[in-house]
Structures are given as C-alpha cells and as structure tokens.
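Note sheet for the following structure.
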Amino acid sequence: MLGLGIIGWIIIGGLAGWIASKIMKTDEQQGIVLNIVVGVIGGLLGGFLLALFGVDVESAGWFFSFFTCLAGAVILLYLVKLFTGRKVG
C-alpha cells in the first residue's frame, strides 16, 4: 500500500471509509475528512492483520488495497462503537 502515494491513500481511504460508514450506519455522524481518516487507518489495520496471516498486501494492487481498507475500516468502526457503547449495526 505504500506504493500508492498520498493521493492513492486519500482516494482509496476516502471511498473505503465512506462505504464502511454506510455498512456500519455511521454515515450521518461522519464527514468526508473523517471518512478518509477512517479509511486510511482501516487500511493500516487491515494490512497489519493480513500481514499477521502471511498475506503480501504491498504488491497486491489497487483492488486488494481497497478491500483491505474497507475491511479494516469496518473493523475500526465496529471497535469504536463497541468501546463507546453505541449500538452496533
């Protein structure tokens, strides 16, 4: 994912964060900046988790990076809801 550059991180992170917020029903609480932040942090989280299982996430391409960000963002939003006491889903 490091090879995408900052623009790639913002585009993929923003899209993944927005879709994750729709999935987790937090879209009304988030703006575009928070969607990007959630997506980028989700990408880091997803990449870390996949690396634990031996998956090479850096050379997998745009689509795999997007799905890694999306999965990580959903996990991140789930954990935020879990720790803040809000209803999940």
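Ordering of the structure tokens sets the chain letters (A, B, ...); residue numbers start at 1 within each chain; ligands are numbered from 1 in the order shown.
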Residue set, stretch 1-81 of chain A restricted to alpha helix (DSSP H), as a VMD selection string: chain A and resid 5 to 23 32 to 52 62 to 81
Point out the residue among A:Val57, A:Leu34, A:Ala73, A:Val40 with the least atom-to-atom distance to A:Trp9, counting only C-alpha atoms.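 Answer, going by the shortest atom-to-atom distance: A:Val40.
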Atom CA of A:Gly8 and atom CA of A:Tyr78 are how many Å apart? 24.4 Å
For A:Leu49, list every protein, DNA or RNA residue within 12 Å, evaluated using only C-alpha atoms, and leave out those in the same chain fewer than 3 positions away; present the list as an mmCIF file with all heavy atoms, in the first residue's frame.
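What landed in around.cif:
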data_model
loop_
_atom_site.group_PDB
_atom_site.id
_atom_site.type_symbol
_atom_site.label_atom_id
_atom_site.label_comp_id
_atom_site.auth_asym_id
_atom_site.auth_seq_id
_atom_site.Cartn_x
_atom_site.Cartn_y
_atom_site.Cartn_z
ATOM 1 N N GLY A 42 -8.089 2.319 8.616
ATOM 2 C CA GLY A 42 -8.585 0.978 8.316
ATOM 3 C C GLY A 42 -7.636 0.214 7.416
ATOM 4 O O GLY A 42 -7.441 -0.990 7.579
ATOM 5 N N GLY A 43 -7.028 0.912 6.446
ATOM 6 C CA GLY A 43 -6.043 0.270 5.587
ATOM 7 C C GLY A 43 -4.828 -0.199 6.363
ATOM 8 O O GLY A 43 -4.311 -1.289 6.131
ATOM 9 N N LEU A 44 -4.381 0.620 7.278
ATOM 10 C CA LEU A 44 -3.247 0.223 8.123
ATOM 11 C C LEU A 44 -3.617 -0.972 8.998
ATOM 12 O O LEU A 44 -2.847 -1.921 9.133
ATOM 13 C CB LEU A 44 -2.794 1.399 8.982
ATOM 14 C CG LEU A 44 -2.208 2.592 8.231
ATOM 15 C CD1 LEU A 44 -1.992 3.769 9.174
ATOM 16 C CD2 LEU A 44 -0.911 2.206 7.553
ATOM 17 N N LEU A 45 -4.810 -0.908 9.589
ATOM 18 C CA LEU A 45 -5.281 -2.009 10.439
ATOM 19 C C LEU A 45 -5.464 -3.285 9.627
ATOM 20 O O LEU A 45 -4.993 -4.359 10.018
ATOM 21 C CB LEU A 45 -6.599 -1.613 11.122
ATOM 22 C CG LEU A 45 -7.281 -2.669 11.982
ATOM 23 C CD1 LEU A 45 -6.396 -3.036 13.169
ATOM 24 C CD2 LEU A 45 -8.631 -2.157 12.458
ATOM 25 N N GLY A 46 -6.132 -3.170 8.478
ATOM 26 C CA GLY A 46 -6.336 -4.338 7.621
ATOM 27 C C GLY A 46 -5.024 -4.918 7.119
ATOM 28 O O GLY A 46 -4.842 -6.130 7.097
ATOM 29 N N LEU A 52 -0.196 -10.466 9.496
ATOM 30 C CA LEU A 52 -0.075 -11.482 10.549
ATOM 31 C C LEU A 52 -0.338 -12.888 10.015
ATOM 32 O O LEU A 52 0.204 -13.864 10.520
ATOM 33 C CB LEU A 52 -1.045 -11.194 11.700
ATOM 34 C CG LEU A 52 -0.722 -10.007 12.595
ATOM 35 C CD1 LEU A 52 -1.828 -9.822 13.639
ATOM 36 C CD2 LEU A 52 0.622 -10.196 13.290
ATOM 37 N N PHE A 53 -1.184 -12.963 8.978
ATOM 38 C CA PHE A 53 -1.505 -14.250 8.367
ATOM 39 C C PHE A 53 -0.618 -14.561 7.161
ATOM 40 O O PHE A 53 -0.880 -15.496 6.413
ATOM 41 C CB PHE A 53 -2.980 -14.290 7.957
ATOM 42 C CG PHE A 53 -3.920 -14.292 9.118
ATOM 43 C CD1 PHE A 53 -4.600 -13.136 9.473
ATOM 44 C CD2 PHE A 53 -4.114 -15.434 9.869
ATOM 45 C CE1 PHE A 53 -5.465 -13.128 10.548
ATOM 46 C CE2 PHE A 53 -4.978 -15.441 10.954
ATOM 47 C CZ PHE A 53 -5.650 -14.288 11.296
ATOM 48 N N GLY A 54 0.411 -13.744 6.946
ATOM 49 C CA GLY A 54 1.367 -14.004 5.884
ATOM 50 C C GLY A 54 0.940 -13.533 4.505
ATOM 51 O O GLY A 54 1.525 -13.945 3.507
ATOM 52 N N VAL A 55 -0.084 -12.680 4.419
ATOM 53 C CA VAL A 55 -0.548 -12.182 3.126
ATOM 54 C C VAL A 55 0.294 -10.977 2.719
ATOM 55 O O VAL A 55 0.482 -10.052 3.502
ATOM 56 C CB VAL A 55 -2.046 -11.782 3.207
ATOM 57 C CG1 VAL A 55 -2.520 -11.204 1.890
ATOM 58 C CG2 VAL A 55 -2.890 -12.969 3.627
ATOM 59 N N ASP A 56 0.799 -10.988 1.492
ATOM 60 C CA ASP A 56 1.592 -9.881 0.965
ATOM 61 C C ASP A 56 0.641 -8.802 0.464
ATOM 62 O O ASP A 56 0.079 -8.897 -0.625
ATOM 63 C CB ASP A 56 2.492 -10.359 -0.169
ATOM 64 C CG ASP A 56 3.328 -9.244 -0.756
ATOM 65 O OD1 ASP A 56 3.509 -8.202 -0.084
ATOM 66 O OD2 ASP A 56 3.796 -9.403 -1.892
ATOM 67 N N VAL A 57 0.446 -7.767 1.259
ATOM 68 C CA VAL A 57 -0.523 -6.730 0.912
ATOM 69 C C VAL A 57 0.093 -5.596 0.095
ATOM 70 O O VAL A 57 -0.630 -4.854 -0.557
ATOM 71 C CB VAL A 57 -1.207 -6.146 2.177
ATOM 72 C CG1 VAL A 57 -2.062 -7.192 2.835
ATOM 73 C CG2 VAL A 57 -0.198 -5.599 3.156
ATOM 74 N N THR A 68 -8.826 -4.253 1.449
ATOM 75 C CA THR A 68 -8.117 -4.249 2.731
ATOM 76 C C THR A 68 -8.523 -3.029 3.560
ATOM 77 O O THR A 68 -8.811 -3.145 4.752
ATOM 78 C CB THR A 68 -6.593 -4.246 2.501
ATOM 79 O OG1 THR A 68 -6.231 -5.409 1.765
ATOM 80 C CG2 THR A 68 -5.832 -4.227 3.814
ATOM 81 N N CYS A 69 -8.566 -1.857 2.922
ATOM 82 C CA CYS A 69 -9.010 -0.639 3.607
ATOM 83 C C CYS A 69 -10.452 -0.759 4.071
ATOM 84 O O CYS A 69 -10.794 -0.357 5.189
ATOM 85 C CB CYS A 69 -8.884 0.582 2.695
ATOM 86 S SG CYS A 69 -7.206 1.092 2.354
ATOM 87 N N ALA A 71 -12.262 -3.514 4.721
ATOM 88 C CA ALA A 71 -12.385 -4.454 5.839
ATOM 89 C C ALA A 71 -11.820 -3.852 7.121
ATOM 90 O O ALA A 71 -12.430 -3.953 8.191
ATOM 91 C CB ALA A 71 -11.663 -5.764 5.505
ATOM 92 N N GLY A 72 -10.676 -3.201 7.018
ATOM 93 C CA GLY A 72 -10.081 -2.567 8.195
ATOM 94 C C GLY A 72 -10.943 -1.442 8.734
ATOM 95 O O GLY A 72 -11.075 -1.274 9.948
ATOM 96 N N ILE A 75 -13.897 -2.931 10.603
ATOM 97 C CA ILE A 75 -13.417 -3.407 11.911
ATOM 98 C C ILE A 75 -13.189 -2.224 12.850
ATOM 99 O O ILE A 75 -13.580 -2.262 14.016
ATOM 100 C CB ILE A 75 -12.132 -4.250 11.751
ATOM 101 C CG1 ILE A 75 -12.442 -5.559 11.034
ATOM 102 C CG2 ILE A 75 -11.478 -4.512 13.105
ATOM 103 C CD1 ILE A 75 -11.212 -6.333 10.588
ATOM 104 N N LEU A 76 -12.569 -1.171 12.331
ATOM 105 C CA LEU A 76 -12.304 0.017 13.148
ATOM 106 C C LEU A 76 -13.601 0.643 13.655
ATOM 107 O O LEU A 76 -13.723 0.959 14.848
ATOM 108 C CB LEU A 76 -11.499 1.034 12.341
ATOM 109 C CG LEU A 76 -11.187 2.355 13.037
ATOM 110 C CD1 LEU A 76 -10.296 2.118 14.249
ATOM 111 C CD2 LEU A 76 -10.528 3.316 12.065
#
Å distance separating atom CA of A:Lys25 from atom CA of A:Leu50, one decimal place: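 Separation of atom CA of A:Lys25 and atom CA of A:Leu50: 24.9 Å.
Separating atom CA of A:Gly39 from atom CA of A:Ile6 is a distance of 12.9 Å.
Distances to A:Leu70 were evaluated for A:Gly31, A:Ile11, A:Ala51, A:Ala16 using only C-alpha atoms, and the minimum falls at A:Ala16.
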Which of these, A:Val37, A:Ile10, A:Ala60, A:Val74, has the shortest distance to A:Ile23 once you count only C-alpha atoms?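 Nearest to A:Ile23: A:Val74.
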